[in-house]
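For reference, work_0.txt is printed below; it contains compact mmCIF, C-alpha atoms.
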```
# COMPACT_ATOMS: atom_id res chain seq x y z
CA MET A 1 84.57 260.16 5.64
CA VAL A 2 85.32 256.77 7.15
CA THR A 3 87.52 254.73 4.82
CA GLY A 4 86.50 251.16 4.25
CA ILE A 5 88.80 248.18 4.42
CA PHE A 6 88.85 247.64 0.67
CA GLY A 7 87.07 250.71 -0.66
CA GLN A 8 86.95 254.46 -0.62
CA GLY A 9 84.07 254.65 1.83
CA ILE A 10 83.02 252.18 4.46
CA ARG A 11 80.17 250.04 3.24
CA LYS A 12 77.01 250.09 5.31
CA GLU A 13 77.14 246.31 5.51
CA ALA A 14 80.73 246.42 6.84
CA LEU A 15 79.71 248.68 9.71
CA ALA A 16 76.62 246.55 10.29
CA SER A 17 78.84 243.48 10.43
CA ALA A 18 81.19 245.13 12.91
CA LEU A 19 78.25 245.95 15.16
CA ALA A 20 76.27 242.76 14.60
CA PRO A 21 73.83 241.89 17.40
CA GLU A 22 75.71 240.33 20.25
CA VAL A 23 74.97 236.77 21.32
CA ASP A 24 75.69 236.46 25.00
CA ALA A 25 77.24 233.34 26.38
CA PRO A 26 74.68 231.04 27.99
CA SER A 27 73.65 232.30 31.38
CA PRO A 28 75.64 230.56 34.07
CA SER A 29 73.99 228.52 36.61
CA PRO A 30 73.98 230.50 39.68
CA SER A 31 91.48 258.50 2.70
CA PRO A 32 93.93 256.58 4.81
CA SER A 33 93.98 257.93 8.33
CA PRO A 34 97.17 259.92 9.07
CA ALA A 35 97.19 258.42 12.55
CA THR A 36 98.39 255.09 11.21
CA GLY A 37 101.80 256.28 10.14
CA GLY A 38 103.87 255.48 7.08
CA VAL A 39 105.06 252.15 5.81
CA ARG A 40 108.40 251.00 7.20
CA LYS A 41 110.62 248.18 6.05
CA ARG A 42 109.87 245.03 8.02
CA GLU A 43 112.98 243.23 9.20
CA LEU A 44 111.91 240.94 12.04
CA GLY A 45 109.94 238.44 9.97
CA VAL A 46 106.58 239.69 11.24
CA PRO A 47 104.35 240.53 8.27
CA ALA A 48 101.53 241.99 10.35
CA MET A 49 100.06 242.38 13.83
CA PHE A 50 96.41 241.84 14.69
CA ILE A 51 95.17 243.45 17.89
CA PHE A 52 92.17 242.53 20.04
CA GLY A 53 91.30 244.29 23.25
CA ASP A 54 89.66 247.17 25.07
CA SER A 55 90.33 250.87 25.69
CA LEU A 56 93.94 250.21 26.67
CA VAL A 57 94.65 249.46 23.00
CA ASP A 58 91.62 250.84 21.10
CA ASN A 59 92.86 253.34 18.52
CA GLY A 60 89.65 254.58 16.93
CA ASN A 61 87.01 251.89 16.46
CA ASN A 62 84.74 253.42 19.08
CA ASN A 63 84.75 256.71 17.14
CA TYR A 64 82.12 255.14 14.90
CA LEU A 65 79.86 253.71 17.60
CA ALA A 66 76.94 255.18 19.50
CA THR A 67 78.81 254.89 22.78
CA PHE A 68 79.82 256.84 25.86
CA ALA A 69 83.24 255.13 25.70
CA ARG A 70 85.10 257.32 23.26
CA ALA A 71 88.24 259.44 23.13
CA ASP A 72 88.06 261.27 19.81
CA TYR A 73 88.21 264.71 21.38
CA TYR A 74 90.83 267.02 22.86
CA PRO A 75 92.75 266.69 25.19
CA TYR A 76 93.01 262.99 24.27
CA GLY A 77 95.82 262.76 21.75
CA ILE A 78 97.35 266.04 22.87
CA ASP A 79 100.82 264.56 22.39
CA PHE A 80 99.97 262.45 19.33
CA ARG A 81 101.25 263.98 16.13
CA THR A 82 97.77 264.21 14.54
CA GLY A 83 95.83 265.04 17.71
CA PRO A 84 92.84 263.00 18.96
CA THR A 85 92.48 259.64 17.21
CA GLY A 86 90.30 257.63 19.60
CA ARG A 87 93.25 256.42 21.68
CA PHE A 88 92.55 256.63 25.42
CA SER A 89 95.87 258.33 26.04
CA ASN A 90 97.68 261.60 25.58
CA GLY A 91 99.72 259.81 22.88
CA TYR A 92 100.89 256.26 22.18
CA THR A 93 99.30 253.11 23.53
CA MET A 94 101.39 250.08 24.42
CA VAL A 95 100.66 248.35 21.10
CA ASP A 96 101.78 251.46 19.21
CA GLU A 97 105.21 251.09 20.81
CA ILE A 98 105.24 247.35 20.10
CA ALA A 99 104.38 247.97 16.43
CA LYS A 100 107.21 250.51 16.21
CA LEU A 101 109.68 248.02 17.72
CA LEU A 102 108.49 245.35 15.27
CA ARG A 103 109.28 247.87 12.51
CA LEU A 104 105.65 247.94 11.44
CA PRO A 105 103.62 251.08 10.81
CA LEU A 106 101.08 251.95 13.47
CA ILE A 107 98.29 249.42 13.08
CA PRO A 108 95.01 250.95 11.78
CA ALA A 109 91.60 250.59 13.40
CA TYR A 110 89.30 248.05 11.77
CA LEU A 111 86.69 250.67 10.90
CA GLU A 112 89.29 252.97 9.30
CA ALA A 113 91.74 250.68 7.51
CA SER A 114 92.53 251.15 3.83
CA ALA A 115 93.50 248.34 1.44
CA GLU A 116 97.19 249.28 1.76
CA GLN A 117 97.17 249.57 5.53
CA ILE A 118 95.54 246.19 6.04
CA LEU A 119 98.71 244.55 4.74
CA HIS A 120 100.39 245.31 8.08
CA GLY A 121 97.53 244.20 10.34
CA ILE A 122 94.34 245.50 11.90
CA ASN A 123 93.35 246.75 15.35
CA TYR A 124 89.91 245.38 16.33
CA ALA A 125 89.98 246.65 19.92
CA SER A 126 87.01 248.50 21.36
CA ALA A 127 86.74 250.51 24.56
CA ALA A 128 84.39 248.95 27.16
CA ALA A 129 84.68 245.53 25.48
CA GLY A 130 85.13 242.34 27.43
CA ILE A 131 85.47 238.61 27.19
CA LEU A 132 81.75 238.38 27.95
CA ASP A 133 79.34 239.94 25.47
CA ILE A 134 77.31 241.62 28.20
CA THR A 135 80.33 243.41 29.69
CA GLY A 136 80.33 247.18 29.16
CA SER A 137 76.65 247.46 28.24
CA ASN A 138 76.45 250.50 30.53
CA PHE A 139 78.37 252.37 27.80
CA VAL A 140 75.78 251.27 25.18
CA SER A 141 77.70 250.23 22.03
CA ARG A 142 81.06 248.46 22.07
CA ILE A 143 82.58 245.54 20.16
CA PRO A 144 83.02 242.53 22.49
CA PHE A 145 85.80 240.01 21.93
CA ASN A 146 83.44 237.55 20.23
CA GLN A 147 82.49 240.20 17.67
CA GLN A 148 86.11 241.28 17.27
CA ILE A 149 86.91 237.71 16.23
CA ARG A 150 84.02 237.75 13.77
CA ASN A 151 85.40 241.00 12.37
CA PHE A 152 88.76 239.27 11.90
CA GLU A 153 86.97 236.50 10.01
CA ASN A 154 85.44 239.18 7.80
CA THR A 155 88.91 240.60 7.16
CA LEU A 156 90.19 237.18 6.12
CA GLU A 157 87.32 236.80 3.66
CA GLN A 158 88.07 240.23 2.16
CA MET A 159 91.76 239.38 1.86
CA LYS A 160 90.91 236.40 -0.33
CA SER A 161 89.85 238.80 -3.08
CA ASN A 162 93.05 240.85 -2.80
CA SER A 163 96.10 239.22 -4.42
CA GLU A 164 98.61 241.34 -2.52
CA ALA A 165 96.94 240.53 0.81
CA GLN A 166 96.93 236.85 -0.09
CA GLU A 167 100.64 236.93 -0.86
CA LYS A 168 101.84 239.09 2.03
CA VAL A 169 99.44 238.23 4.86
CA LEU A 170 97.19 235.22 4.29
CA SER A 171 100.09 233.01 3.26
CA SER A 172 102.04 233.93 6.37
CA LEU A 173 99.49 234.18 9.19
CA ASP A 174 101.65 231.79 11.18
CA ARG A 175 104.34 234.51 11.36
CA CYS A 176 101.97 237.33 12.34
CA ILE A 177 101.63 238.52 15.93
CA PHE A 178 98.19 238.29 17.54
CA PHE A 179 98.01 240.63 20.53
CA VAL A 180 95.09 240.02 22.89
CA GLY A 181 94.39 242.13 25.97
CA MET A 182 91.00 241.41 27.50
CA GLY A 183 89.51 241.06 30.97
CA SER A 184 89.77 244.46 32.66
CA ASN A 185 86.24 245.49 31.73
CA ASP A 186 84.85 242.14 32.80
CA TYR A 187 85.70 243.40 36.29
CA LEU A 188 85.42 247.21 36.09
CA ASN A 189 82.31 247.23 33.91
CA ASN A 190 80.68 244.01 34.99
CA TYR A 191 81.67 242.26 38.23
CA LEU A 192 82.27 245.48 40.20
CA MET A 193 79.14 247.23 38.88
CA PRO A 194 76.03 247.06 41.10
CA ASN A 195 73.66 246.68 38.12
CA TYR A 196 75.27 243.38 37.00
CA PRO A 197 74.33 240.04 38.63
CA SER A 198 77.81 238.53 38.32
CA ARG A 199 78.95 239.26 41.87
CA SER A 200 75.90 237.59 43.38
CA GLN A 201 76.33 234.56 41.11
CA PHE A 202 80.08 233.96 41.47
CA SER A 203 82.84 234.12 44.01
CA SER A 204 86.02 235.76 42.70
CA HIS A 205 87.55 232.36 41.92
CA GLN A 206 84.39 231.09 40.23
CA TYR A 207 84.20 234.22 38.11
CA ALA A 208 87.84 233.92 37.06
CA ASP A 209 87.18 230.30 36.08
CA TYR A 210 84.09 231.32 34.13
CA LEU A 211 85.94 234.08 32.25
CA VAL A 212 88.90 231.91 31.34
CA ARG A 213 86.68 229.09 30.07
CA HIS A 214 85.27 231.56 27.53
CA TYR A 215 88.72 233.05 26.89
CA THR A 216 90.08 229.60 26.08
CA GLN A 217 87.33 229.01 23.53
CA GLN A 218 87.91 232.42 21.95
CA LEU A 219 91.68 232.02 21.59
CA THR A 220 91.13 228.55 20.16
CA ARG A 221 88.85 230.11 17.55
CA LEU A 222 91.64 232.48 16.56
CA TYR A 223 94.01 229.52 16.30
CA LYS A 224 91.57 227.73 13.99
CA LEU A 225 91.50 230.87 11.83
CA GLY A 226 95.26 230.71 11.38
CA ALA A 227 96.79 232.48 14.40
CA ARG A 228 99.92 230.82 15.79
CA LYS A 229 101.90 233.51 17.62
CA PHE A 230 99.89 234.94 20.53
CA VAL A 231 100.75 237.71 22.97
CA VAL A 232 98.23 237.68 25.83
CA ALA A 233 98.27 240.52 28.35
CA GLY A 234 97.19 240.01 31.94
CA ILE A 235 95.23 242.53 34.00
CA GLY A 236 97.18 245.31 35.69
CA VAL A 237 97.07 246.85 39.16
CA MET A 238 93.39 247.71 38.93
CA GLY A 239 93.06 248.69 42.59
CA CYS A 240 95.49 251.59 42.10
CA ILE A 241 93.88 253.41 39.18
CA PRO A 242 92.53 256.91 40.00
CA SER A 243 88.91 255.76 39.55
CA ILE A 244 89.32 253.23 42.36
CA LEU A 245 91.52 255.52 44.49
CA ALA A 246 88.79 258.16 44.33
CA GLN A 247 86.34 255.82 46.02
CA SER A 248 88.41 255.84 49.22
CA GLN A 249 88.78 258.76 51.60
CA SER A 250 92.34 257.64 52.26
CA GLY A 251 93.27 257.69 48.58
CA ARG A 252 95.07 254.39 48.96
CA CYS A 253 95.08 251.46 46.55
CA SER A 254 92.24 249.01 47.10
CA GLU A 255 93.82 245.71 48.08
CA GLN A 256 90.40 244.13 47.78
CA VAL A 257 90.25 245.01 44.07
CA ASN A 258 93.89 244.08 43.50
CA GLN A 259 93.31 240.68 45.09
CA LEU A 260 90.07 240.21 43.16
CA VAL A 261 91.81 239.94 39.78
CA LEU A 262 94.70 237.71 40.87
CA PRO A 263 92.79 234.46 40.17
CA PHE A 264 92.13 235.67 36.62
CA ASN A 265 95.81 236.33 35.93
CA ALA A 266 96.76 232.97 37.45
CA ASN A 267 94.16 231.21 35.31
CA VAL A 268 95.36 232.96 32.15
CA LYS A 269 98.91 231.75 32.76
CA THR A 270 97.64 228.20 33.24
CA MET A 271 95.46 228.54 30.13
CA ILE A 272 98.45 229.60 28.04
CA GLY A 273 100.41 226.55 29.15
CA ASN A 274 97.48 224.28 28.37
CA LEU A 275 96.84 225.79 24.94
CA THR A 276 100.51 225.55 23.99
CA SER A 277 100.42 221.83 24.73
CA VAL A 278 97.21 221.06 22.79
CA LEU A 279 97.41 223.44 19.81
CA PRO A 280 100.18 222.22 17.47
CA ALA A 281 102.76 224.86 16.43
CA SER A 282 101.19 227.50 18.67
CA ARG A 283 103.35 229.90 20.68
CA PHE A 284 101.99 231.95 23.56
CA VAL A 285 103.58 234.84 25.43
CA TYR A 286 102.06 236.07 28.69
CA LEU A 287 102.61 239.74 29.49
CA ASP A 288 102.69 240.35 33.23
CA VAL A 289 101.09 243.80 33.08
CA ARG A 290 100.52 243.71 36.85
CA GLY A 291 104.21 243.09 37.52
CA MET A 292 105.31 245.79 35.09
CA PHE A 293 102.91 248.31 36.59
CA LEU A 294 103.86 247.47 40.18
CA ASP A 295 107.51 248.03 39.25
CA ILE A 296 106.67 251.45 37.80
CA LEU A 297 104.60 252.45 40.84
CA SER A 298 107.18 251.19 43.35
CA ASN A 299 110.15 252.72 41.54
CA HIS A 300 108.41 255.67 39.92
CA SER A 301 111.17 258.19 40.60
CA SER A 302 113.73 256.05 38.78
CA TYR A 303 111.46 256.16 35.72
CA GLY A 304 111.06 259.93 36.00
CA PHE A 305 107.51 259.96 37.43
CA LYS A 306 106.43 262.22 40.27
CA VAL A 307 102.65 261.73 40.39
CA VAL A 308 101.33 258.19 40.86
CA ASP A 309 97.96 258.66 42.55
CA LYS A 310 95.94 260.96 40.31
CA GLY A 311 95.09 261.39 36.65
CA CYS A 312 96.64 264.08 34.49
CA CYS A 313 93.15 264.83 33.17
CA GLY A 314 90.04 264.33 35.27
CA ILE A 315 87.78 265.83 37.92
CA GLY A 316 87.31 265.24 41.63
CA ARG A 317 89.30 263.30 44.18
CA ASN A 318 92.50 261.91 42.62
CA ARG A 319 91.17 263.40 39.35
CA GLY A 320 89.43 260.08 39.07
CA GLN A 321 85.78 260.66 39.96
CA ILE A 322 84.98 261.95 36.47
CA SER A 323 87.31 261.05 33.64
CA CYS A 324 88.78 263.48 31.12
CA LEU A 325 86.07 265.74 29.64
CA PRO A 326 86.08 267.42 26.22
CA PHE A 327 88.44 270.40 26.09
CA GLN A 328 89.43 270.06 29.73
CA ILE A 329 92.89 271.48 30.40
CA PRO A 330 95.19 268.57 31.37
CA CYS A 331 98.34 268.76 33.46
CA GLU A 332 101.33 270.32 31.74
CA ASN A 333 104.01 267.93 33.02
CA ARG A 334 102.49 264.82 31.46
CA LYS A 335 105.76 262.87 31.41
CA GLU A 336 105.78 263.02 35.20
CA TYR A 337 102.35 261.35 35.55
CA VAL A 338 101.71 257.62 35.60
CA PHE A 339 98.00 258.00 34.85
CA TRP A 340 96.51 260.01 32.02
CA ASP A 341 92.86 259.85 33.12
CA ALA A 342 90.74 257.92 35.64
CA PHE A 343 91.52 254.55 34.05
CA HIS A 344 94.41 254.70 31.59
CA PRO A 345 98.18 255.23 31.76
CA THR A 346 100.04 258.04 30.07
CA GLU A 347 101.99 257.63 26.87
CA ALA A 348 105.19 257.60 28.95
CA VAL A 349 104.01 254.49 30.83
CA ASN A 350 102.71 252.84 27.66
CA ILE A 351 106.10 253.23 26.00
CA ILE A 352 107.91 251.74 28.99
CA MET A 353 105.56 248.76 29.09
CA GLY A 354 105.77 248.29 25.33
CA LYS A 355 109.56 248.13 25.54
CA LYS A 356 109.45 245.69 28.47
CA ALA A 357 107.00 243.49 26.58
CA PHE A 358 109.20 243.57 23.50
CA SER A 359 112.65 242.96 24.95
CA GLY A 360 112.25 242.51 28.71
CA ASP A 361 113.12 239.49 30.82
CA GLN A 362 110.72 236.86 32.17
CA ARG A 363 109.51 239.20 34.89
CA SER A 364 107.69 241.08 32.11
CA ALA A 365 107.05 238.46 29.42
CA PHE A 366 106.90 234.69 29.87
CA PRO A 367 108.24 232.29 28.62
CA MET A 368 109.82 234.70 26.14
CA ASN A 369 109.46 238.31 25.06
CA ILE A 370 107.87 239.55 21.83
CA GLN A 371 111.20 240.02 20.07
CA GLN A 372 112.08 236.39 20.75
CA LEU A 373 108.60 235.31 19.60
CA ALA A 374 109.03 237.30 16.39
CA ASP A 375 112.36 235.63 15.67
CA LEU A 376 110.94 232.11 15.87
```
Please go through the file and, once you have read it, give me the structure as C-alpha cells.
Amino acid sequence: MVTGIFGQGIRKEALASALAPEVDAPSPSPSPSPATGGVRKRELGVPAMFIFGDSLVDNGNNNYLATFARADYYPYGIDFRTGPTGRFSNGYTMVDEIAKLLRLPLIPAYLEASAEQILHGINYASAAAGILDITGSNFVSRIPFNQQIRNFENTLEQMKSNSEAQEKVLSSLDRCIFFVGMGSNDYLNNYLMPNYPSRSQFSSHQYADYLVRHYTQQLTRLYKLGARKFVVAGIGVMGCIPSILAQSQSGRCSEQVNQLVLPFNANVKTMIGNLTSVLPASRFVYLDVRGMFLDILSNHSSYGFKVVDKGCCGIGRNRGQISCLPFQIPCENRKEYVFWDAFHPTEAVNIIMGKKAFSGDQRSAFPMNIQQLADL
C-alpha cells in the first residue's frame, strides 16, 4: 500500500493533486518505506531538504504513475539495501549522498512520505520531468516542475494542521535546503526529439533563454513560498552519455550535443546572480555538474573507473540503444563503471558528485558549497 503524507493510505485526492492536469506555458512565438532510512540527529542547522528534479534524483514518485519512465524493478537498486525503490541507479543518487552528509535521513518520495518522514523534507522529483510542462510527454505521465511546486504548496498546507511540522519545519523554512535539478529532459526529451517543434522554433541560444525565463519564474515561486537556501544543479556532459554515444558509429562524445546545452548552463549561472540580488535574504549555490562530470571522465582511472563509454546495464552499441530492462543481468564490476544505464551515472559517481557538491571548491559549487550554505 502507498502511504499517504499524513495518513495510513494515500488519499485519492492527494494522488489526483500530484497528477493534476498540466497547464503548458503559453506557446512561444515562433507503512513508512524502508528505503528512506532511519532518523539521524541533525547537527548542521538544516531541518529538512526539499528536492525537485528529474530521473537523476527521482526516488520513487514515478512508481505510482502510468509512465514508461520508471525504475521500480531489478536490476535497478541492486546495490541499495532494500532493492529497487524507483531510483534510476544501482544504488544512491547524488541527493542521497547530500542528505547523508547533512546528517538527514534519506528524503522520502512525495507519494510515499509518512507524517514522521515529512519532518526531514520531501522529494518531489519525477523521471522525464522538465522545466516545460510538455517536456517528457513521450513517456506519458510525469510530474513537471510546475506541478512539483504545486505539490510542495500542498505539503505546506498539510503541515499547517500538524503541530510538530509547524514547529520543526514551517517555522524554519529559511534554514531548509531546496535542491533543484531541472533542464536535462528539456533537451533529451523535447528539443532533441523529432516529434517536438522546439528545434524548428528556436535556435539553441533562444531555447536556453526561453527555458531560463520559465526557470526564473518557478524559482521565484518557491522563494515566495518560503524557500531561501537554493542549490541549483546545471546540466552535465549530455553528449557523452551512452544513449548519445550509441547514435554514432565512432562511439565518441557528441560535441554538438555538449555545445547545445552550454547556453543553458551559462544562463542559469546568470539567473542565480540576478535572483540573489533581487530576492532579499536568498542564497543560491550553482552546482557545476558538467565540470564535475568532465573531471571524472578525464581522470577516471584516478577515481577507480575503467569503463567510461558504456552502461553497466543496457542493450546494443555502448549498452545505450535500449536502457536497462527488467531482470537484465548488469555488469558485475559496477564500481568500475561511470554509467549505470543509457542515461544515468552509477552510485559510485553519484557519491563522488554528492561529496564535491557538499564540500568541494568553487570548481564544483559556486559561490560556496552546500556545507557552507548550511552553516549560514
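Surrounding residues of (80.1, 236.3, 40.8) at most 12 Å away are Pro28, Ser29, Pro30, Asp186, Tyr187, Asn190, Tyr191, Leu192, Met193, Pro194, Tyr196, Pro197, Ser198, Arg199, Ser200, Gln201, Phe202, Ser203, Ser204, His205, Gln206, Tyr207, Ala208, Asp209, Tyr210, Leu211 and Leu260 of chain A (based on only C-alpha atoms).
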- request: Could you check how far CA of Ala71 (chain A) sits from CA of Gly86 (chain A), in Å to one decimal?
  value: 4.5 Å
Region 151-165 of chain A: axis-aligned bounding box, 3 Å on each side, centre and edge lengths in Å, one decimal, as AutoDock Vina command-line options:
```
--center_x 92.0 --center_y 238.9 --center_z 4.0 --size_x 19.2 --size_y 10.9 --size_z 22.8
```
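Of the residues under consideration (A:Arg363, A:Lys356, A:His344, A:Arg228), A:His344 shows the shortest atom-to-atom contact distance to Phe88 (chain A) when counting only C-alpha atoms.
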- prompt: Looking at A:Asn333, A:Ser161, A:Asn61, A:Gln372, which one is nearest to Asp79 (chain A), with distances taken over all atoms listed in the file?
  reply: A:Asn333
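Around Phe145 (chain A), within 8 Å and counting only C-alpha atoms, the residues found are Phe52, Gly53, Ala129, Gly130, Ile131, Leu132, Asp133, Met182 and Gln218 of chain A, once anything fewer than 5 positions away on its own chain is removed.
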query: CA of Arg319 (chain A) to CA of Ser248 (chain A): how many Å, to one decimal?
result: 12.7 Å
- request: Find the distance between CA of Ser172 (chain A) and CA of Asn274 (chain A) and write it in Å to one decimal.
  value: 24.5 Å
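Ranking A:Gly354, A:Phe50, A:Asn195, A:Thr135 by their shortest atom-to-atom distance to Leu156 (chain A), with all atoms listed in the file included, puts A:Phe50 first.
Taking all atoms listed in the file into account, Phe139 (chain A) lies nearest to A:Phe68 out of the set A:Leu106, A:Phe68, A:Asp96, A:Ala127.
The environment of Val46 (chain A) within 7 Å, counting all atoms listed in the file and disregarding residues fewer than 3 places along the same chain, consists of Arg175, Cys176, Ile177 and Ala374 of chain A.
Using only C-alpha atoms, every residue with an atom at most 9 Å from the point (98.0, 241.2, 21.2) is listed here: Met49, Phe50, Ile51, Phe52, Gly53, Val95, Ile177, Phe178, Phe179, Val180, Gly181, Phe230, Val231, Val232 and Ala233 of chain A.
With all atoms listed in the file as the basis for measurement, A:Ala48 is the residue among A:Met159, A:Val261, A:Ala48, A:Leu225 that approaches Leu104 (chain A) most closely.
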- prompt: So which one's closest to Ile351 (chain A), A:Gly311, A:Gly226, A:Gly60, A:Gly91? Using all atoms listed in the file, please.
  reply: A:Gly91
task: Excluding Pro84 (chain A) and any residue of its chain fewer than 4 positions from it, enumerate the residues within 8 Å of it, using all atoms listed in the file, and give them as number ranges by chain.
output: A: 71-78, 80
